[in-house]
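First comes the structure, then the notes that go with it.
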Amino acid sequence: MPGVRSELDTIRALYRYNSRVRKKYLSVIWRLPIKQRYRSRGASYPSLVDIFLHVLDAYRWWFHTVYSHDAAWIEYPIGQRLTRGQAMAEERKLDRFVQGVIAKIDHKDLSRTFTLPSNRRRRISLRVLLLHMAEEELQHRGEMNALLWQSDVDPPITGF
């Protein structure tokens, strides 16, 4: 039926959207004075940079460790001080990997299940993994919005 997106098409569109918006947040965060960027704010992770890097870490864990069974990644340390170029490179590298996974899957892959490394008895479908990561990023984006507003900075709010 014309104009009707499949579930996979919607997921792909959501991942493209999150990719575009993530880059806007990176730009806003790294335009802040260094003290504001790294100030501990008592949020889920201490600073705006820590929250942003946690989002990248979450993607890395779910897509590298759970989906690809590659346990070689190391979490970004809290308080890591990246340059804007380093942060952009990290985001770009992750985004290429995630978008590559999204491009290769087909509808039947959405029901494929994976064992969680932290709980070998628990399995998760690719569908749930993909939707969880969209939710994870949106939750932390809302948190970053609040912290930016507290600093009198407008976040790059963009509608899907």
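By order in the structure tokens, chains are A, B, ...; within a chain, residues start at 1; ligands start at 1, following the order shown.
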Spatial neighbours of stretch 29-38 of chain A, max dist 8 Å, only C-alpha atoms, sep filter under 3 positions, as number ranges by chain: A: 25-26, 46-50, 79, 81, 84, 151
Generate a file of the selected residues that holds C-alpha atoms, formatted as a JSON list (two decimals), in the first residue's frame.
[["chain", "number", "residue", "atom", "x", "y", "z"],
["A", 25, "TYR", "CA", 23.73, 17.86, 20.22],
["A", 26, "LEU", "CA", 27.44, 17.19, 19.85],
["A", 46, "PRO", "CA", 27.92, 13.83, 35.91],
["A", 47, "SER", "CA", 28.33, 16.18, 32.93],
["A", 48, "LEU", "CA", 26.77, 16.86, 29.54],
["A", 49, "VAL", "CA", 29.81, 15.24, 27.92],
["A", 50, "ASP", "CA", 29.50, 12.19, 30.18],
["A", 79, "GLY", "CA", 35.16, 12.84, 33.03],
["A", 81, "ARG", "CA", 37.93, 15.25, 28.11],
["A", 84, "ARG", "CA", 35.41, 18.35, 19.57],
["A", 151, "SER", "CA", 22.51, 26.89, 31.39]]
Do you know which residues are at most 8 Å from A:His54 counting only C-alpha atoms, after dropping those on the same chain fewer than 4 positions away, and could you put them as a PyMOL selection string? chain A and resi 45+50+58+76
Export, as a PDB file, in the first residue's frame, the selected residues with C-alpha atoms.
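Dumped to again_17.pdb:
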ATOM      1  CA  TYR A  45      26.040  10.855  34.474  1.00  0.00           C
ATOM      2  CA  ASP A  50      29.504  12.190  30.179  1.00  0.00           C
ATOM      3  CA  ALA A  58      25.128   2.223  25.164  1.00  0.00           C
ATOM      4  CA  TYR A  76      34.488   5.770  28.109  1.00  0.00           C
TER       5      TYR A  76
END
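If you look at atom CA of A:Ile102 and atom CA of A:Tyr15, they are 8.0 Å away from each other.
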Members of chain A assigned helix (DSSP H, G or I) by DSSP, as a ChimeraX atom specification: /A:7-31,34-38,48-67,84-104,107-111,126-150
Put those residues in a file: C-alpha atoms, as a compact mmCIF listing (two decimals), in the first residue's frame.
# COMPACT_ATOMS: atom_id res chain seq x y z
CA GLU A 7 8.07 -1.64 10.75
CA LEU A 8 11.67 -1.93 9.53
CA ASP A 9 11.34 1.22 7.39
CA THR A 10 10.10 3.11 10.45
CA ILE A 11 12.99 1.83 12.57
CA ARG A 12 15.47 2.83 9.85
CA ALA A 13 13.91 6.30 9.63
CA LEU A 14 14.13 6.66 13.42
CA TYR A 15 17.81 5.67 13.39
CA ARG A 16 18.57 8.17 10.60
CA TYR A 17 16.73 10.84 12.59
CA ASN A 18 18.64 10.03 15.81
CA SER A 19 21.90 10.11 13.84
CA ARG A 20 21.20 13.61 12.50
CA VAL A 21 20.03 14.97 15.85
CA ARG A 22 22.94 13.39 17.80
CA LYS A 23 25.35 15.41 15.66
CA LYS A 24 23.43 18.60 16.50
CA TYR A 25 23.73 17.86 20.22
CA LEU A 26 27.44 17.19 19.85
CA SER A 27 27.83 20.57 18.17
CA VAL A 28 25.88 22.44 20.88
CA ILE A 29 27.70 20.69 23.74
CA TRP A 30 31.17 21.39 22.33
CA ARG A 31 30.31 25.07 21.74
CA ILE A 34 34.73 23.95 28.82
CA LYS A 35 33.66 24.53 32.44
CA GLN A 36 29.95 24.20 31.51
CA ARG A 37 30.61 21.20 29.30
CA TYR A 38 32.29 19.20 32.06
CA LEU A 48 26.77 16.86 29.54
CA VAL A 49 29.81 15.24 27.92
CA ASP A 50 29.50 12.19 30.18
CA ILE A 51 25.82 11.81 29.23
CA PHE A 52 26.64 12.17 25.52
CA LEU A 53 29.44 9.60 25.76
CA HIS A 54 27.15 7.27 27.71
CA VAL A 55 24.74 7.31 24.76
CA LEU A 56 27.62 6.27 22.50
CA ASP A 57 28.65 3.62 25.05
CA ALA A 58 25.13 2.22 25.16
CA TYR A 59 25.10 1.87 21.37
CA ARG A 60 28.55 0.32 21.47
CA TRP A 61 27.51 -2.21 24.14
CA TRP A 62 24.24 -3.24 22.48
CA PHE A 63 25.55 -3.30 18.91
CA HIS A 64 29.10 -4.56 19.46
CA THR A 65 28.76 -6.77 22.52
CA VAL A 66 25.19 -8.07 22.26
CA TYR A 67 24.48 -7.98 18.51
CA ARG A 84 35.41 18.35 19.57
CA GLY A 85 37.28 16.54 16.77
CA GLN A 86 37.76 13.44 18.92
CA ALA A 87 34.08 13.44 19.94
CA MET A 88 33.04 13.84 16.30
CA ALA A 89 35.32 10.99 15.24
CA GLU A 90 33.93 8.70 17.98
CA GLU A 91 30.34 9.56 17.05
CA ARG A 92 31.03 9.11 13.33
CA LYS A 93 32.73 5.72 13.83
CA LEU A 94 29.87 4.46 15.95
CA ASP A 95 27.24 5.87 13.62
CA ARG A 96 28.80 4.18 10.57
CA PHE A 97 28.77 0.84 12.39
CA VAL A 98 25.18 1.17 13.64
CA GLN A 99 23.84 2.46 10.31
CA GLY A 100 25.64 -0.44 8.59
CA VAL A 101 23.85 -2.93 10.84
CA ILE A 102 20.51 -1.22 10.26
CA ALA A 103 21.03 -1.26 6.47
CA LYS A 104 21.81 -5.00 6.38
CA HIS A 107 12.23 -7.90 8.40
CA LYS A 108 12.78 -11.52 9.50
CA ASP A 109 15.92 -10.46 11.42
CA LEU A 110 13.77 -8.39 13.79
CA SER A 111 12.66 -11.58 15.56
CA LEU A 126 16.67 -7.54 17.67
CA ARG A 127 13.34 -5.66 17.49
CA VAL A 128 13.47 -4.96 21.24
CA LEU A 129 17.18 -4.09 21.09
CA LEU A 130 16.57 -1.54 18.30
CA LEU A 131 13.58 0.05 20.01
CA HIS A 132 15.33 0.08 23.38
CA MET A 133 18.27 2.00 21.93
CA ALA A 134 15.97 4.59 20.35
CA GLU A 135 14.28 5.00 23.75
CA GLU A 136 17.64 5.14 25.55
CA GLU A 137 18.88 7.96 23.35
CA LEU A 138 15.62 9.90 23.64
CA GLN A 139 15.64 9.60 27.43
CA HIS A 140 19.18 10.98 27.66
CA ARG A 141 18.41 13.65 25.08
CA GLY A 142 15.61 14.90 27.32
CA GLU A 143 18.07 14.96 30.20
CA MET A 144 20.56 16.96 28.11
CA ASN A 145 17.73 19.36 27.16
CA ALA A 146 17.06 20.06 30.82
CA LEU A 147 20.75 20.64 31.57
CA LEU A 148 21.14 22.92 28.55
CA TRP A 149 18.05 24.93 29.56
CA GLN A 150 19.49 25.29 33.07
Which of chain A end up as strand (DSSP E or B) when DSSP is run on this backbone - answer as an MDAnalysis selection string? chainID A and resid 113:116 119:125
Atom CA of A:Pro155 and atom CA of A:Pro77 are how many Å apart? 24.6 Å
Grab the atom CA of A:Asn119 to atom CA of A:Asp106 distance for me, in Å with one decimal place. 26.6 Å
